[in-house]
Amino acid sequence: MQSVNNGEKISIGCSQLFDAEGNGMRLYLRPLKNPQFIQKNPFMKNEDACRLMLNLKKLYDDSVPTYDLKRVVIHKTTFFTKEEMEGITRGLSGIDDIELIQIQEFTPWRAIRFNSSDMKDTSNFPIQRGTVIQLNKDTFLIWTHGAVQNDELAGRNMNYYKNGRGIPAPLLVKRFMGKSDGATLVNEIMMLTKMNWNSGDSFYKVLPVTLDFAKMLSQVAKQDVVIYDKPYDFRYFM
């Protein structure tokens, strides 16, 4: 996640670092020295992207010295530029499995749920959470918000719909680099929507925690109350 201090035009790179089990979570901020702006959105130049990855890799190696870093997944709300991809790859040299994923929250896509395959019986409930529609090889829609069959919340064989109204919108997910299968990417995103324990609702969030907490941290960064180039423990934001 990246933010801009509108007063001083300073771009901030916000990153999170944790292992596959969610342990050792760190939030990390660093100023971008020479950002590139595309349609008013800041993007990293090659050197900034490389430097950020080198710092993150060092933070991981220092926090988990007994495990080699073999796979890195990066979530971003905007697309990845050629310079960013080159810089990230250079900064993570030696790591063959790198996933660069754009997750777009606001999309025009909507869907209607049917009770039968002939699409004649419209359901009284929204599309189910976890539904995926593949658009092409590296792009798919995923409904992280939707109806859930949960006996404790709604009753036996009944549907629970968080917030109770409206048509849920999917996340638009596009991969710019990587080789994991679609099921792996979907499962990771779904699991990450259940990791925000500070949400007041432990059931799930629409955004994965990678973006949800980065969004919050970028808002804090605009207030100039943070120290850059220093990792923050996740517990400080609980």
# chains A, B, ... in the order shown; residues from 1 in each chain; ligands from 1
>>> residues_around(residues="Gln36 (chain A)", least_positions_apart="5", cutoff="10 Å", atoms="only C-alpha atoms", output="compact mmCIF listing (two decimals) with N, CA and C atoms, in the first residue's frame")
# COMPACT_ATOMS: atom_id res chain seq x y z
N SER A 11 5.59 10.41 -0.86
CA SER A 11 5.02 9.08 -1.03
C SER A 11 5.62 8.15 0.01
N ASN A 41 -1.52 8.25 -8.95
CA ASN A 41 -1.12 7.19 -8.03
C ASN A 41 0.40 7.04 -8.04
N PRO A 42 1.03 6.93 -6.85
CA PRO A 42 2.48 6.78 -6.79
C PRO A 42 2.93 5.34 -7.05
N PHE A 43 3.97 5.18 -7.83
CA PHE A 43 4.55 3.88 -8.10
C PHE A 43 6.05 3.95 -7.82
N MET A 44 6.62 2.82 -7.47
CA MET A 44 8.03 2.79 -7.14
C MET A 44 8.89 2.73 -8.40
N LYS A 45 9.99 3.46 -8.36
CA LYS A 45 10.99 3.30 -9.40
C LYS A 45 11.79 2.02 -9.12
N THR A 81 4.09 -1.89 -12.28
CA THR A 81 4.76 -1.38 -13.47
C THR A 81 5.97 -2.26 -13.80
N GLU A 83 9.02 -1.27 -14.09
CA GLU A 83 10.12 -0.90 -13.19
C GLU A 83 9.95 -1.56 -11.83
>>> closest_atom_pairs(of="region 102-218 of chain A", to="region 54-71 of chain A", cutoff="12 Å", atoms="only C-alpha atoms", output="CSV")
residue,atom,partner,partner_atom,distance
A:Gly178,CA,A:Arg71,CA,9.9
A:Lys179,CA,A:Arg71,CA,10.7
A:Ser180,CA,A:Arg71,CA,10.1
>>> closest_residue(among="A:Pro108, A:Gly146, A:Gly182, A:Gly94", to="Thr131 (chain A)", atoms="only C-alpha atoms")
A:Gly146
>>> closest_atom_pairs(of="region 80-191 of chain A", to="region 207-216 of chain A", cutoff="12 Å", atoms="only C-alpha atoms", output="Markdown table")
| residue | atom | partner | partner_atom | distance |
| --- | --- | --- | --- | --- |
| A:Ile101 | CA | A:Thr210 | CA | 11.3 |
| A:Gln102 | CA | A:Leu211 | CA | 10.4 |
| A:Ile103 | CA | A:Leu211 | CA | 8.6 |
| A:Gln104 | CA | A:Leu207 | CA | 9.4 |
| A:Glu105 | CA | A:Leu207 | CA | 7.4 |
| A:Phe106 | CA | A:Leu207 | CA | 10.8 |
| A:Ile142 | CA | A:Leu207 | CA | 10.8 |
| A:Trp143 | CA | A:Leu207 | CA | 10.2 |
| A:Thr144 | CA | A:Leu207 | CA | 7.4 |
| A:His145 | CA | A:Leu207 | CA | 9.0 |
| A:Ala169 | CA | A:Leu207 | CA | 11.6 |
| A:Pro170 | CA | A:Leu207 | CA | 10.2 |
| A:Leu171 | CA | A:Leu207 | CA | 8.2 |
| A:Leu172 | CA | A:Leu207 | CA | 11.2 |
| A:Val173 | CA | A:Leu207 | CA | 11.5 |
| A:Leu185 | CA | A:Pro208 | CA | 11.7 |
| A:Val186 | CA | A:Pro208 | CA | 10.9 |
| A:Asn187 | CA | A:Pro208 | CA | 11.1 |
| A:Glu188 | CA | A:Pro208 | CA | 8.8 |
| A:Ile189 | CA | A:Pro208 | CA | 5.9 |
| A:Met190 | CA | A:Pro208 | CA | 7.2 |
| A:Met191 | CA | A:Pro208 | CA | 7.7 |
>>> closest_residue(among="A:Arg113, A:Arg175, A:Lys162, A:Lys120", to="Asn136 (chain A)", atoms="only C-alpha atoms")
A:Arg175
>>> residues_around(residues="Asp48 (chain A)", least_positions_apart="6", cutoff="12 Å", atoms="only C-alpha atoms", output="PyMOL selection string")
chain A and resi 11-13+30-36+42+54-55+83-88+90-91
